[in-house]
Amino acid sequence: ETKTILITAGNSLVGKDLINFLLINNYKVISIVRKLKDLKNRKNLKIIKHDFKTKLKLTNKIDLIINTIATHEFSKNKNFYDHYLSNIKCVQNIADLSIQKKNAPIINLSTISVYKKNNHIINENNSISKSTYLASSKYVGEKILEISGVRYINLRLPGILTFNSGSINRPWLRKMIHSIISNEPIHIFNKNSKFNSIIDTIELFKFIEFFLKRKKKTTGTFNLASSNPLKLGSIINEIIKFYNSSSVTKWSRKIENSSSTISIKKIQNELGYKPSTLKHILKRYLKKIVI
């Protein structure tokens, strides 16, 4: 039987990619959007205009809910109340929808920004930051799912590379790629520091398929980043080589080895999910290899 996936914020960069990948792979999709724009009617796609600041009642069968709603530092409106509505209130209403749909499981896209920035290795046991609206509100949203009684997975994510057009200034790697394509000089710290703080929307889709096929009903909070970290210097040089760019790289040694890598041991050990390597993610993104 064809699975039906509900995606919140279907107009977001991440939402658009996930909808496209799901439809290509013969899933049924319900896209929840606040504004009916830039959307085309497609086979197996149902578009519903709704703001999850209020509860939603649906008659449709739902096999999985994917929450991509977020207010963050790049949002147009980003005061405390905006963070509360998007990252807390909406999550509560999504949990209520899950209960209404006989505990349809939820994959909630959270952020590694919930952690304090004082660890070389970021794992799920690190201290939680209370210094930003983003960190505190996303963490509260995670806890709402934890106490709601629904089946959930909180994915704490780094920068996400998307395959549809978006801001060239985020995530960090996308900004670097744009600068290298434009043959601009590159100034980078921590040449020899290991980096894996990136995934793409293909990796998210791969995890969604893995979760749907997994028989054991695990819930919890997990980091998801690329495996096999690479040195920042080798990443930048690889991109320069791929585009045959004339960009000149200037390396700073002032804070060598001060960056962090993201531990993915928990998602591997408890769920059995092995994320793609950073080298593979970079390759498919540069070559625009879409599913």
# chains A, B, ... in the order shown; residues from 1 in each chain; ligands from 1

$ residues_around --residues "segment 119-128 of chain A" --least-positions-apart "5" --cutoff "7 Å" --atoms "only C-alpha atoms" --output "list in words"
Val114, Phe222, Asn223, Ser259, Ser260, Thr261, Ile262 and Ser263 of chain A

$ write_last_selection --atoms "all heavy atoms" --output "mmCIF file, in the first residue's frame"
data_model
loop_
_atom_site.group_PDB
_atom_site.id
_atom_site.type_symbol
_atom_site.label_atom_id
_atom_site.label_comp_id
_atom_site.auth_asym_id
_atom_site.auth_seq_id
_atom_site.Cartn_x
_atom_site.Cartn_y
_atom_site.Cartn_z
ATOM 1 N N VAL A 114 21.033 23.768 19.324
ATOM 2 C CA VAL A 114 20.575 23.618 20.712
ATOM 3 C C VAL A 114 21.744 23.415 21.668
ATOM 4 O O VAL A 114 21.616 23.631 22.876
ATOM 5 C CB VAL A 114 19.578 22.451 20.882
ATOM 6 C CG1 VAL A 114 18.353 22.666 20.012
ATOM 7 C CG2 VAL A 114 20.225 21.110 20.588
ATOM 8 N N PHE A 222 18.253 12.452 18.025
ATOM 9 C CA PHE A 222 19.493 11.992 17.399
ATOM 10 C C PHE A 222 20.138 13.099 16.577
ATOM 11 O O PHE A 222 19.450 13.858 15.892
ATOM 12 C CB PHE A 222 19.215 10.807 16.473
ATOM 13 C CG PHE A 222 18.550 9.642 17.140
ATOM 14 C CD1 PHE A 222 17.159 9.586 17.224
ATOM 15 C CD2 PHE A 222 19.294 8.614 17.677
ATOM 16 C CE1 PHE A 222 16.535 8.510 17.834
ATOM 17 C CE2 PHE A 222 18.669 7.533 18.299
ATOM 18 C CZ PHE A 222 17.297 7.485 18.379
ATOM 19 N N ASN A 223 21.475 13.145 16.617
ATOM 20 C CA ASN A 223 22.215 13.968 15.666
ATOM 21 C C ASN A 223 22.215 13.267 14.314
ATOM 22 O O ASN A 223 22.329 12.037 14.249
ATOM 23 C CB ASN A 223 23.673 14.142 16.096
ATOM 24 C CG ASN A 223 23.827 14.960 17.363
ATOM 25 O OD1 ASN A 223 22.933 15.723 17.740
ATOM 26 N ND2 ASN A 223 24.957 14.811 18.022
ATOM 27 N N SER A 259 37.391 24.066 15.908
ATOM 28 C CA SER A 259 36.040 23.765 15.443
ATOM 29 C C SER A 259 35.576 22.414 15.994
ATOM 30 O O SER A 259 36.352 21.660 16.580
ATOM 31 C CB SER A 259 35.981 23.762 13.913
ATOM 32 O OG SER A 259 36.816 22.754 13.394
ATOM 33 N N SER A 260 34.279 22.105 15.789
ATOM 34 C CA SER A 260 33.679 20.896 16.344
ATOM 35 C C SER A 260 33.267 19.933 15.242
ATOM 36 O O SER A 260 32.962 20.347 14.121
ATOM 37 C CB SER A 260 32.444 21.254 17.175
ATOM 38 O OG SER A 260 32.770 22.107 18.234
ATOM 39 N N THR A 261 33.256 18.655 15.571
ATOM 40 C CA THR A 261 32.655 17.657 14.704
ATOM 41 C C THR A 261 31.428 17.085 15.418
ATOM 42 O O THR A 261 31.357 17.093 16.649
ATOM 43 C CB THR A 261 33.630 16.521 14.355
ATOM 44 O OG1 THR A 261 34.122 15.938 15.565
ATOM 45 C CG2 THR A 261 34.784 17.041 13.521
ATOM 46 N N ILE A 262 30.488 16.592 14.639
ATOM 47 C CA ILE A 262 29.224 16.098 15.182
ATOM 48 C C ILE A 262 29.275 14.589 15.293
ATOM 49 O O ILE A 262 29.526 13.891 14.304
ATOM 50 C CB ILE A 262 28.054 16.524 14.284
ATOM 51 C CG1 ILE A 262 28.013 18.051 14.160
ATOM 52 C CG2 ILE A 262 26.728 15.997 14.826
ATOM 53 C CD1 ILE A 262 27.057 18.540 13.100
ATOM 54 N N SER A 263 29.034 14.079 16.494
ATOM 55 C CA SER A 263 29.003 12.631 16.691
ATOM 56 C C SER A 263 27.694 12.053 16.151
ATOM 57 O O SER A 263 26.607 12.557 16.434
ATOM 58 C CB SER A 263 29.124 12.300 18.184
ATOM 59 O OG SER A 263 28.895 10.915 18.400
#

$ residues_around --residues "Asn108 of chain A" --least-positions-apart "4" --cutoff "7 Å" --atoms "only C-alpha atoms" --output "number ranges by chain"
A: 66-68, 153-155

$ write_last_selection --atoms "C-alpha atoms" --output "mmCIF file, in the first residue's frame"
data_model
loop_
_atom_site.group_PDB
_atom_site.id
_atom_site.type_symbol
_atom_site.label_atom_id
_atom_site.label_comp_id
_atom_site.auth_asym_id
_atom_site.auth_seq_id
_atom_site.Cartn_x
_atom_site.Cartn_y
_atom_site.Cartn_z
ATOM 1 C CA ILE A 66 7.556 15.483 8.792
ATOM 2 C CA ASN A 67 7.877 18.836 10.520
ATOM 3 C CA THR A 68 10.068 21.363 8.683
ATOM 4 C CA ILE A 153 12.273 11.250 16.091
ATOM 5 C CA ASN A 154 13.934 14.599 16.775
ATOM 6 C CA LEU A 155 16.722 15.076 14.234
#

$ residues_around --residues "segment 267-284 of chain A" --least-positions-apart "4" --cutoff "6 Å" --atoms "only C-alpha atoms" --output "ChimeraX atom specification"
/A:222,226-228,288-289

$ select_by_dssp --residues "segment 45-268 of chain A" --states "helix (DSSP H, G or I)" --output "MDAnalysis selection string"
chainID A and resid 80:100 112:114 133:148 172:181 201:213 232:242 265:268

$ select_by_dssp --residues "segment 185-260 of chain A" --states "strand (DSSP E or B)" --output "list in words"
Ile186, His187, Ile188, Phe189, Lys194, Phe195, Ile198, Ile199, Asp200, Gly220, Thr221, Phe222, Asn223, Ser227, Leu230, Lys231, Thr249, Lys250, Trp251 and Ser252 of chain A

$ residues_around --residues "Val140 of chain A" --least-positions-apart "5" --cutoff "9 Å" --atoms "only C-alpha atoms" --output "list in words"
Asn87, Ile88, Ala135 and Leu145 of chain A

$ residues_around --residues "segment 96-100 of chain A" --least-positions-apart "2" --cutoff "9 Å" --atoms "only C-alpha atoms" --output "JSON, numbers by chain"
{"A": [55, 56, 57, 58, 62, 64, 65, 91, 92, 93, 94, 102, 103, 104, 105, 106, 148, 149, 150, 151]}

$ write_last_selection --atoms "N, CA, C and O atoms" --output "short mmCIF file (atom, residue, chain, number, x, y, z; two decimals), in the first residue's frame"
data_model
loop_
_atom_site.label_atom_id
_atom_site.label_comp_id
_atom_site.auth_asym_id
_atom_site.auth_seq_id
_atom_site.Cartn_x
_atom_site.Cartn_y
_atom_site.Cartn_z
N LYS A 55 -4.89 24.36 15.48
CA LYS A 55 -4.99 22.92 15.27
C LYS A 55 -5.59 22.61 13.90
O LYS A 55 -6.34 23.40 13.34
N LEU A 56 -5.25 21.45 13.39
CA LEU A 56 -5.73 21.00 12.09
C LEU A 56 -6.45 19.66 12.25
O LEU A 56 -5.96 18.77 12.93
N LYS A 57 -7.60 19.55 11.61
CA LYS A 57 -8.32 18.28 11.59
C LYS A 57 -8.34 17.77 10.16
O LYS A 57 -8.68 18.49 9.23
N LEU A 58 -7.96 16.51 10.00
CA LEU A 58 -7.89 15.90 8.68
C LEU A 58 -8.63 14.58 8.66
O LEU A 58 -8.63 13.84 9.66
N ILE A 62 -2.76 9.17 7.32
CA ILE A 62 -1.39 9.67 7.37
C ILE A 62 -0.49 8.59 7.96
O ILE A 62 -0.76 8.06 9.04
N LEU A 64 3.03 9.18 8.14
CA LEU A 64 4.19 9.86 8.74
C LEU A 64 4.01 11.36 8.60
O LEU A 64 3.53 11.85 7.57
N ILE A 65 4.38 12.08 9.66
CA ILE A 65 4.39 13.55 9.64
C ILE A 65 5.83 14.02 9.70
O ILE A 65 6.60 13.58 10.56
N VAL A 91 4.60 22.82 17.10
CA VAL A 91 4.95 21.43 17.44
C VAL A 91 3.85 20.81 18.30
O VAL A 91 3.49 19.64 18.12
N GLN A 92 3.31 21.58 19.22
CA GLN A 92 2.22 21.07 20.05
C GLN A 92 1.01 20.68 19.19
O GLN A 92 0.41 19.63 19.38
N ASN A 93 0.67 21.52 18.23
CA ASN A 93 -0.47 21.22 17.36
C ASN A 93 -0.19 20.05 16.42
O ASN A 93 -1.11 19.31 16.05
N ILE A 94 1.07 19.89 16.03
CA ILE A 94 1.44 18.73 15.21
C ILE A 94 1.34 17.45 16.03
O ILE A 94 0.88 16.42 15.54
N LYS A 102 -4.23 8.45 15.12
CA LYS A 102 -3.84 7.17 15.72
C LYS A 102 -2.33 7.07 15.91
O LYS A 102 -1.69 6.06 15.56
N ASN A 103 -1.75 8.15 16.44
CA ASN A 103 -0.32 8.21 16.74
C ASN A 103 0.56 8.01 15.52
O ASN A 103 1.55 7.25 15.54
N ALA A 104 0.22 8.71 14.44
CA ALA A 104 1.11 8.72 13.27
C ALA A 104 2.47 9.25 13.71
O ALA A 104 2.55 10.27 14.39
N PRO A 105 3.56 8.57 13.38
CA PRO A 105 4.88 9.01 13.85
C PRO A 105 5.28 10.35 13.26
O PRO A 105 4.82 10.76 12.18
N ILE A 106 6.16 11.04 13.98
CA ILE A 106 6.63 12.38 13.59
C ILE A 106 8.15 12.38 13.47
O ILE A 106 8.84 11.88 14.37
N SER A 148 4.55 13.94 24.93
CA SER A 148 3.21 13.86 24.33
C SER A 148 2.69 12.43 24.20
O SER A 148 1.50 12.21 24.02
N GLY A 149 3.61 11.47 24.24
CA GLY A 149 3.20 10.07 24.09
C GLY A 149 3.16 9.59 22.66
O GLY A 149 2.83 8.42 22.42
N VAL A 150 3.50 10.43 21.69
CA VAL A 150 3.50 10.02 20.29
C VAL A 150 4.84 9.39 19.94
O VAL A 150 5.83 9.54 20.66
N ARG A 151 4.87 8.67 18.84
CA ARG A 151 6.14 8.14 18.33
C ARG A 151 6.83 9.25 17.56
O ARG A 151 6.25 9.83 16.63
#

$ closest_residue --among "A:Ala225, A:Leu85, A:Ile236, A:Ile208" --to "Arg174 of chain A" --atoms "only C-alpha atoms"
A:Ile236

$ closest_residue --among "A:Leu13, A:Ile107, A:Ile24, A:Cys90" --to "Phe211 of chain A" --atoms "only C-alpha atoms"
A:Ile107

$ atom_distance --atom1 "atom CA of Leu204 of chain A" --atom2 "atom CA of Gly141 of chain A"
19.6 Å

$ residues_around --residues "segment 25-41 of chain A" --least-positions-apart "4" --cutoff "8 Å" --atoms "only C-alpha atoms" --output "PyMOL selection string"
chain A and resi 2-11+19+21+45-51
